[in-house]
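Shown next: work_26.pdb, given as PDB, C-alpha atoms, pLDDT in the B column.
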ATOM      1  CA  MET A   1      32.843 -33.351 -27.539  1.00 48.00           C
ATOM      2  CA  ALA A   2      31.318 -31.507 -24.622  1.00 53.00           C
ATOM      3  CA  ASP A   3      32.031 -28.095 -26.133  1.00 59.00           C
ATOM      4  CA  GLN A   4      30.126 -28.821 -29.336  1.00 64.00           C
ATOM      5  CA  LYS A   5      26.800 -27.028 -29.581  1.00 65.00           C
ATOM      6  CA  PRO A   6      23.792 -29.074 -30.609  1.00 58.00           C
ATOM      7  CA  THR A   7      22.714 -28.390 -34.135  1.00 63.00           C
ATOM      8  CA  VAL A   8      19.279 -26.913 -34.596  1.00 61.00           C
ATOM      9  CA  ASP A   9      17.258 -28.126 -37.523  1.00 63.00           C
ATOM     10  CA  PRO A  10      15.411 -25.092 -38.949  1.00 66.00           C
ATOM     11  CA  GLU A  11      12.589 -27.289 -40.213  1.00 74.00           C
ATOM     12  CA  VAL A  12      11.690 -28.567 -36.750  1.00 66.00           C
ATOM     13  CA  PRO A  13       9.134 -26.224 -35.166  1.00 71.00           C
ATOM     14  CA  PHE A  14       9.894 -24.733 -31.777  1.00 73.00           C
ATOM     15  CA  ALA A  15       7.552 -25.614 -28.937  1.00 73.00           C
ATOM     16  CA  LYS A  16       4.657 -23.195 -28.761  1.00 75.00           C
ATOM     17  CA  ARG A  17       2.032 -22.497 -26.149  1.00 76.00           C
ATOM     18  CA  ILE A  18      -1.334 -24.019 -26.737  1.00 75.00           C
ATOM     19  CA  ASP A  19      -4.694 -23.704 -25.068  1.00 77.00           C
ATOM     20  CA  PRO A  20      -5.968 -27.224 -24.327  1.00 72.00           C
ATOM     21  CA  ASN A  21      -9.555 -25.983 -24.373  1.00 74.00           C
ATOM     22  CA  LYS A  22      -9.303 -24.605 -27.907  1.00 75.00           C
ATOM     23  CA  GLU A  23      -7.041 -27.239 -29.460  1.00 77.00           C
ATOM     24  CA  ASP A  24      -8.235 -30.665 -30.497  1.00 81.00           C
ATOM     25  CA  LEU A  25      -5.948 -32.885 -28.456  1.00 81.00           C
ATOM     26  CA  THR A  26      -6.086 -36.618 -28.063  1.00 85.00           C
ATOM     27  CA  ARG A  27      -6.327 -38.361 -24.739  1.00 87.00           C
ATOM     28  CA  ASP A  28      -2.650 -39.364 -24.986  1.00 89.00           C
ATOM     29  CA  GLU A  29      -1.619 -35.742 -25.576  1.00 85.00           C
ATOM     30  CA  PHE A  30      -3.613 -34.605 -22.525  1.00 85.00           C
ATOM     31  CA  TYR A  31      -1.985 -37.369 -20.492  1.00 90.00           C
ATOM     32  CA  PHE A  32       1.493 -36.313 -21.622  1.00 89.00           C
ATOM     33  CA  ILE A  33       0.782 -32.644 -20.824  1.00 85.00           C
ATOM     34  CA  ARG A  34      -0.406 -33.646 -17.352  1.00 89.00           C
ATOM     35  CA  GLN A  35       2.720 -35.746 -16.756  1.00 93.00           C
ATOM     36  CA  VAL A  36       4.985 -32.857 -17.773  1.00 90.00           C
ATOM     37  CA  GLU A  37       3.075 -30.459 -15.509  1.00 90.00           C
ATOM     38  CA  LEU A  38       3.408 -32.863 -12.573  1.00 93.00           C
ATOM     39  CA  ALA A  39       7.149 -33.235 -13.148  1.00 92.00           C
ATOM     40  CA  GLN A  40       7.572 -29.449 -13.219  1.00 91.00           C
ATOM     41  CA  TRP A  41       5.457 -29.072 -10.075  1.00 91.00           C
ATOM     42  CA  LYS A  42       7.528 -31.675  -8.196  1.00 90.00           C
ATOM     43  CA  LYS A  43      10.752 -29.934  -9.163  1.00 88.00           C
ATOM     44  CA  LYS A  44       9.448 -26.545  -8.023  1.00 90.00           C
ATOM     45  CA  SER A  45       8.012 -27.939  -4.794  1.00 89.00           C
ATOM     46  CA  GLN A  46      11.420 -29.331  -3.806  1.00 85.00           C
ATOM     47  CA  GLN A  47      13.006 -25.903  -4.329  1.00 86.00           C
ATOM     48  CA  LEU A  48      10.234 -24.192  -2.373  1.00 90.00           C
ATOM     49  CA  ARG A  49      10.488 -26.723   0.448  1.00 92.00           C
ATOM     50  CA  GLY A  50      14.186 -25.923   0.839  1.00 89.00           C
ATOM     51  CA  ARG A  51      13.497 -22.200   0.954  1.00 92.00           C
ATOM     52  CA  ASN A  52      10.644 -22.675   3.409  1.00 95.00           C
ATOM     53  CA  ILE A  53      12.846 -24.713   5.743  1.00 95.00           C
ATOM     54  CA  ALA A  54      15.590 -22.076   5.619  1.00 95.00           C
ATOM     55  CA  THR A  55      13.085 -19.300   6.299  1.00 97.00           C
ATOM     56  CA  GLY A  56      11.521 -21.236   9.174  1.00 97.00           C
ATOM     57  CA  LEU A  57      14.906 -21.864  10.765  1.00 97.00           C
ATOM     58  CA  ALA A  58      15.845 -18.184  10.441  1.00 98.00           C
ATOM     59  CA  ILE A  59      12.584 -17.028  12.035  1.00 98.00           C
ATOM     60  CA  GLY A  60      12.950 -19.649  14.785  1.00 97.00           C
ATOM     61  CA  ALA A  61      16.504 -18.466  15.515  1.00 98.00           C
ATOM     62  CA  ILE A  62      15.337 -14.860  15.790  1.00 98.00           C
ATOM     63  CA  VAL A  63      12.487 -15.819  18.139  1.00 97.00           C
ATOM     64  CA  MET A  64      14.782 -17.910  20.328  1.00 97.00           C
ATOM     65  CA  GLY A  65      17.296 -15.046  20.419  1.00 97.00           C
ATOM     66  CA  ILE A  66      14.660 -12.585  21.591  1.00 97.00           C
ATOM     67  CA  TYR A  67      13.362 -15.103  24.135  1.00 95.00           C
ATOM     68  CA  GLY A  68      16.862 -15.780  25.480  1.00 93.00           C
ATOM     69  CA  TYR A  69      17.760 -12.097  25.650  1.00 92.00           C
ATOM     70  CA  THR A  70      14.549 -11.357  27.547  1.00 90.00           C
ATOM     71  CA  PHE A  71      15.364 -13.963  30.192  1.00 87.00           C
ATOM     72  CA  TYR A  72      18.948 -12.728  30.400  1.00 86.00           C
ATOM     73  CA  SER A  73      17.917  -9.100  30.887  1.00 82.00           C
ATOM     74  CA  VAL A  74      15.222  -9.938  33.450  1.00 78.00           C
ATOM     75  CA  LYS A  75      17.710 -12.079  35.352  1.00 74.00           C
ATOM     76  CA  GLN A  76      20.060  -9.086  35.670  1.00 68.00           C
ATOM     77  CA  GLU A  77      17.303  -6.790  36.823  1.00 67.00           C
ATOM     78  CA  LYS A  78      17.705  -6.232  40.555  1.00 71.00           C
ATOM     79  CA  ILE A  79      15.358  -3.301  41.049  1.00 71.00           C
ATOM     80  CA  MET A  80      12.711  -5.339  42.850  1.00 71.00           C
ATOM     81  CA  ASP A  81      15.343  -6.910  45.121  1.00 74.00           C
ATOM     82  CA  GLU A  82      16.690  -3.472  46.043  1.00 77.00           C
ATOM     83  CA  LEU A  83      13.187  -2.149  46.758  1.00 77.00           C
ATOM     84  CA  ASP A  84      12.434  -5.152  48.946  1.00 80.00           C
ATOM     85  CA  GLU A  85      15.641  -4.627  50.925  1.00 82.00           C
ATOM     86  CA  GLU A  86      14.880  -0.920  51.408  1.00 81.00           C
ATOM     87  CA  ALA A  87      11.348  -1.759  52.574  1.00 81.00           C
ATOM     88  CA  LYS A  88      12.721  -4.356  55.019  1.00 83.00           C
ATOM     89  CA  VAL A  89      15.187  -1.848  56.474  1.00 82.00           C
ATOM     90  CA  ALA A  90      12.449   0.777  56.788  1.00 79.00           C
ATOM     91  CA  ARG A  91      10.193  -1.690  58.603  1.00 78.00           C
ATOM     92  CA  MET A  92      12.916  -2.727  61.022  1.00 78.00           C
ATOM     93  CA  GLY A  93      14.041   0.801  61.898  1.00 73.00           C
ATOM     94  CA  GLY A  94      10.635   2.444  61.863  1.00 63.00           C
ATOM     95  CA  VAL A  95       8.262   3.159  64.721  1.00 63.00           C
ATOM     96  CA  LYS A  96       6.238   0.191  65.879  1.00 64.00           C
ATOM     97  CA  THR A  97       2.515   0.711  65.663  1.00 66.00           C
ATOM     98  CA  GLY A  98      -0.478  -1.550  65.739  1.00 63.00           C
ATOM     99  CA  ALA A  99      -0.620  -1.531  61.915  1.00 64.00           C
ATOM    100  CA  ASN A 100       2.904  -3.032  61.591  1.00 55.00           C
TER     101      ASN A 100
END
Go through the file and emit its structure as C-alpha cells.
Amino acid sequence: MADQKPTVDPEVPFAKRIDPNKEDLTRDEFYFIRQVELAQWKKKSQQLRGRNIATGLAIGAIVMGIYGYTFYSVKQEKIMDELDEEAKVARMGGVKTGAN
C-alpha cells in the first residue's frame, strides 16, 4: 500500500499563486492564508534556530581555541625572565656608583 502513488484528478486545478491585493478574497480566505503563512514561518524558524545554534557553537569554539592558544604560548615565553636574570647579574657584577 505504501508504494502506491496517489492518483491525480486532472479536473482538480493545481494551486496557483495569487495576489491578495488584486483578488477578491473573503475574510475566511485571508484568515486561512495567514494561518498557512504562520505555519510555514514556524517551520522555517525552527530550522534556522538549529543552524544558528550550530554556527554560534562553532564560532565560540574557534574563539576559545585562539584564547587558549594565546595563554599557552605566552606562558611558554621566557624572554622577559631571561632579560631580568641578565640584568640582575649585570647589576651584581658591575661597578657600584651612586646611581645604582
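You will find CA of Ile79 (chain A) at 27.8 Å from CA of Ile62 (chain A).
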May I ask for the distance between CA of Thr55 (chain A) and CA of Phe71 (chain A), given in Å to one decimal place?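 It comes out at 24.6 Å.
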For region 67-71 of chain A, take all atoms listed in the file, fit an axis-aligned box around them, add 8 Å to each of the six sides, then output centre and edge lengths in Å rounded to one decimal, as AutoDock Vina command-line options.
--center_x 15.6 --center_y -13.6 --center_z 27.2 --size_x 20.4 --size_y 20.4 --size_z 22.1
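With CA of Lys42 (chain A) on one side and CA of Arg27 (chain A) on the other, the separation reads 22.6 Å.
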